[in-house]
Amino acid sequence: NPYDISSLAQVVELYEGLQNFDRADSLVRAALKTQPDREELYLLGARAAYRAQDYYKAVQYLRHVDSTSTLNATWNEIYGISLYRAHYIDESIPILKRLHPSDAEEGPTYVMAMAFYRLEQYDSAACYFEMAADLGTSTDLPVYYEFAGRSHQAAGRPMKAVEAYEESYRYDPEDPVFTYLIARAYDEAGDREQAAAYYKSYVERETDHESDYYLFAVDRLTEWRREDFFRGK
């Protein structure tokens, strides 16, 4: 019975469980030929596509539903994330902004922060990265604070960047890259003494002596030592 959507949904879910997402989608598309106006079918297709990480296809299904009705918080989250993952970055932000602050969660907040970051809207990016960190309970906290720092740095606030990078270091003290980032922020702020101390710490801890960060840190320290030498220090 092609009109029995309840049974169709169960079969689609079974195929999703078997990771046979193409078969799940083909069932939805076959049903849409007989019932092109049934919203449930588009949502069923969007769910299968999202689970398959076929974000472009999920967007196509959800565009249709969004044009004819109102998506709830869960579907707005899926729609916004799918738009971002499908590289419709500027379109993802207004969809994710539909989520009420009481619905805010770590994942979609981080995605919105990344969208602002990729669009070079660094003030908003920093705000949402910090919000994601406040909401976060995952092992991604160092990443959230790192990109908050990068956003502050790009917006011309190196000392705010230092604060964020220090949080990254606090959550992941084994990664020397955060020491380097702190050094760069102090360097941009004009605090040579602190920058030199962190560059030295980074150079001592970094094992990849061919990395761009390592080479930059060594060059910077060498440059300052040369300047001091000619100044008689």
# chains A, B, ... in the order shown; residues from 1 in each chain; ligands from 1
>>> residues_around(residues="A:Arg184", least_positions_apart="6", cutoff="10 Å", atoms="only C-alpha atoms", output="count of residues only")
16
>>> residues_around(residues="stretch 95-108 of chain A", least_positions_apart="4", cutoff="6 Å", atoms="only C-alpha atoms", output="mmCIF file with C-alpha atoms, in the first residue's frame")
data_model
loop_
_atom_site.group_PDB
_atom_site.id
_atom_site.type_symbol
_atom_site.label_atom_id
_atom_site.label_comp_id
_atom_site.auth_asym_id
_atom_site.auth_seq_id
_atom_site.Cartn_x
_atom_site.Cartn_y
_atom_site.Cartn_z
ATOM 1 C CA ALA A 73 13.480 23.213 16.697
ATOM 2 C CA GLY A 80 20.924 24.623 9.542
ATOM 3 C CA ALA A 132 29.676 26.696 22.519
ATOM 4 C CA LEU A 135 27.490 24.758 26.658
ATOM 5 C CA GLY A 136 30.161 22.163 25.963
#
>>> residues_around(residues="A:Arg170", least_positions_apart="2", cutoff="12 Å", atoms="only C-alpha atoms", output="short mmCIF file (atom, residue, chain, number, x, y, z; two decimals) with C-alpha atoms, in the first residue's frame")
data_model
loop_
_atom_site.label_atom_id
_atom_site.label_comp_id
_atom_site.auth_asym_id
_atom_site.auth_seq_id
_atom_site.Cartn_x
_atom_site.Cartn_y
_atom_site.Cartn_z
CA LEU A 141 36.50 22.43 24.38
CA PRO A 142 40.13 23.17 23.37
CA VAL A 143 38.96 23.60 19.76
CA TYR A 145 38.53 28.19 22.75
CA GLU A 146 41.20 28.00 20.04
CA GLU A 163 42.72 34.55 27.33
CA ALA A 164 41.00 32.14 24.96
CA TYR A 165 44.23 30.31 24.04
CA GLU A 166 45.07 29.94 27.71
CA GLU A 167 41.75 28.16 28.17
CA SER A 168 42.64 25.82 25.30
CA ASP A 172 44.84 20.29 26.58
CA PRO A 173 48.26 21.05 28.12
CA GLU A 174 49.94 18.30 26.09
CA ASP A 175 49.47 20.08 22.75
CA PRO A 176 52.32 22.56 22.19
CA PHE A 178 48.49 26.40 22.15
CA THR A 179 51.79 27.67 23.54
#
>>> closest_residue(among="A:Lys33, A:His152, A:Tyr88, A:Glu39", to="A:Tyr56", atoms="only C-alpha atoms")
A:Tyr88
>>> residues_around(residues="A:Gly156", least_positions_apart="2", cutoff="10 Å", atoms="only C-alpha atoms", output="PDB file with N, CA, C and O atoms, in the first residue's frame")
ATOM      1  N   TYR A 122      34.163  38.044  12.466  1.00  0.00           N
ATOM      2  CA  TYR A 122      34.907  37.514  13.606  1.00  0.00           C
ATOM      3  C   TYR A 122      34.314  37.887  14.970  1.00  0.00           C
ATOM      4  O   TYR A 122      34.444  37.121  15.924  1.00  0.00           O
ATOM      5  N   ASP A 123      33.676  39.042  15.078  1.00  0.00           N
ATOM      6  CA  ASP A 123      33.053  39.393  16.360  1.00  0.00           C
ATOM      7  C   ASP A 123      31.965  38.383  16.730  1.00  0.00           C
ATOM      8  O   ASP A 123      31.922  37.889  17.859  1.00  0.00           O
ATOM      9  N   ARG A 150      41.344  32.658  17.795  1.00  0.00           N
ATOM     10  CA  ARG A 150      41.649  33.055  16.420  1.00  0.00           C
ATOM     11  C   ARG A 150      40.708  34.168  15.944  1.00  0.00           C
ATOM     12  O   ARG A 150      41.116  35.062  15.197  1.00  0.00           O
ATOM     13  N   SER A 151      39.447  34.095  16.375  1.00  0.00           N
ATOM     14  CA  SER A 151      38.477  35.125  15.997  1.00  0.00           C
ATOM     15  C   SER A 151      38.843  36.466  16.627  1.00  0.00           C
ATOM     16  O   SER A 151      38.818  37.514  15.954  1.00  0.00           O
ATOM     17  N   HIS A 152      39.172  36.439  17.935  1.00  0.00           N
ATOM     18  CA  HIS A 152      39.586  37.685  18.597  1.00  0.00           C
ATOM     19  C   HIS A 152      40.832  38.265  17.938  1.00  0.00           C
ATOM     20  O   HIS A 152      40.935  39.484  17.743  1.00  0.00           O
ATOM     21  N   GLN A 153      41.769  37.397  17.591  1.00  0.00           N
ATOM     22  CA  GLN A 153      43.007  37.846  16.967  1.00  0.00           C
ATOM     23  C   GLN A 153      42.727  38.485  15.611  1.00  0.00           C
ATOM     24  O   GLN A 153      43.257  39.553  15.285  1.00  0.00           O
ATOM     25  N   ALA A 154      41.869  37.853  14.820  1.00  0.00           N
ATOM     26  CA  ALA A 154      41.528  38.391  13.503  1.00  0.00           C
ATOM     27  C   ALA A 154      40.773  39.714  13.614  1.00  0.00           C
ATOM     28  O   ALA A 154      40.839  40.552  12.710  1.00  0.00           O
ATOM     29  N   PRO A 158      44.267  41.034  20.433  1.00  0.00           N
ATOM     30  CA  PRO A 158      45.219  39.982  20.783  1.00  0.00           C
ATOM     31  C   PRO A 158      45.173  39.550  22.245  1.00  0.00           C
ATOM     32  O   PRO A 158      45.396  38.373  22.549  1.00  0.00           O
ATOM     33  N   MET A 159      44.887  40.467  23.159  1.00  0.00           N
ATOM     34  CA  MET A 159      44.862  40.068  24.573  1.00  0.00           C
ATOM     35  C   MET A 159      43.640  39.222  24.897  1.00  0.00           C
ATOM     36  O   MET A 159      43.699  38.335  25.756  1.00  0.00           O
ATOM     37  N   LYS A 160      42.524  39.469  24.222  1.00  0.00           N
ATOM     38  CA  LYS A 160      41.370  38.575  24.372  1.00  0.00           C
ATOM     39  C   LYS A 160      41.707  37.211  23.782  1.00  0.00           C
ATOM     40  O   LYS A 160      41.273  36.173  24.299  1.00  0.00           O
ATOM     41  N   ALA A 161      42.507  37.222  22.710  1.00  0.00           N
ATOM     42  CA  ALA A 161      42.946  35.957  22.115  1.00  0.00           C
ATOM     43  C   ALA A 161      43.793  35.177  23.105  1.00  0.00           C
ATOM     44  O   ALA A 161      43.652  33.953  23.228  1.00  0.00           O
ATOM     45  N   ALA A 185      49.896  35.766  19.871  1.00  0.00           N
ATOM     46  CA  ALA A 185      48.986  36.820  20.340  1.00  0.00           C
ATOM     47  C   ALA A 185      49.737  37.878  21.146  1.00  0.00           C
ATOM     48  O   ALA A 185      49.529  39.083  20.957  1.00  0.00           O
ATOM     49  N   GLU A 188      51.673  40.009  18.725  1.00  0.00           N
ATOM     50  CA  GLU A 188      50.835  41.020  18.072  1.00  0.00           C
ATOM     51  C   GLU A 188      50.471  42.154  19.021  1.00  0.00           C
ATOM     52  O   GLU A 188      50.275  43.294  18.596  1.00  0.00           O
ATOM     53  N   ALA A 189      50.369  41.834  20.313  1.00  0.00           N
ATOM     54  CA  ALA A 189      50.037  42.863  21.313  1.00  0.00           C
ATOM     55  C   ALA A 189      51.239  43.735  21.649  1.00  0.00           C
ATOM     56  O   ALA A 189      51.106  44.723  22.372  1.00  0.00           O
TER      57      ALA A 189
END
>>> closest_residue(among="A:Arg231, A:Tyr202, A:Leu43, A:Ser67", to="A:Val218", atoms="only C-alpha atoms")
A:Tyr202
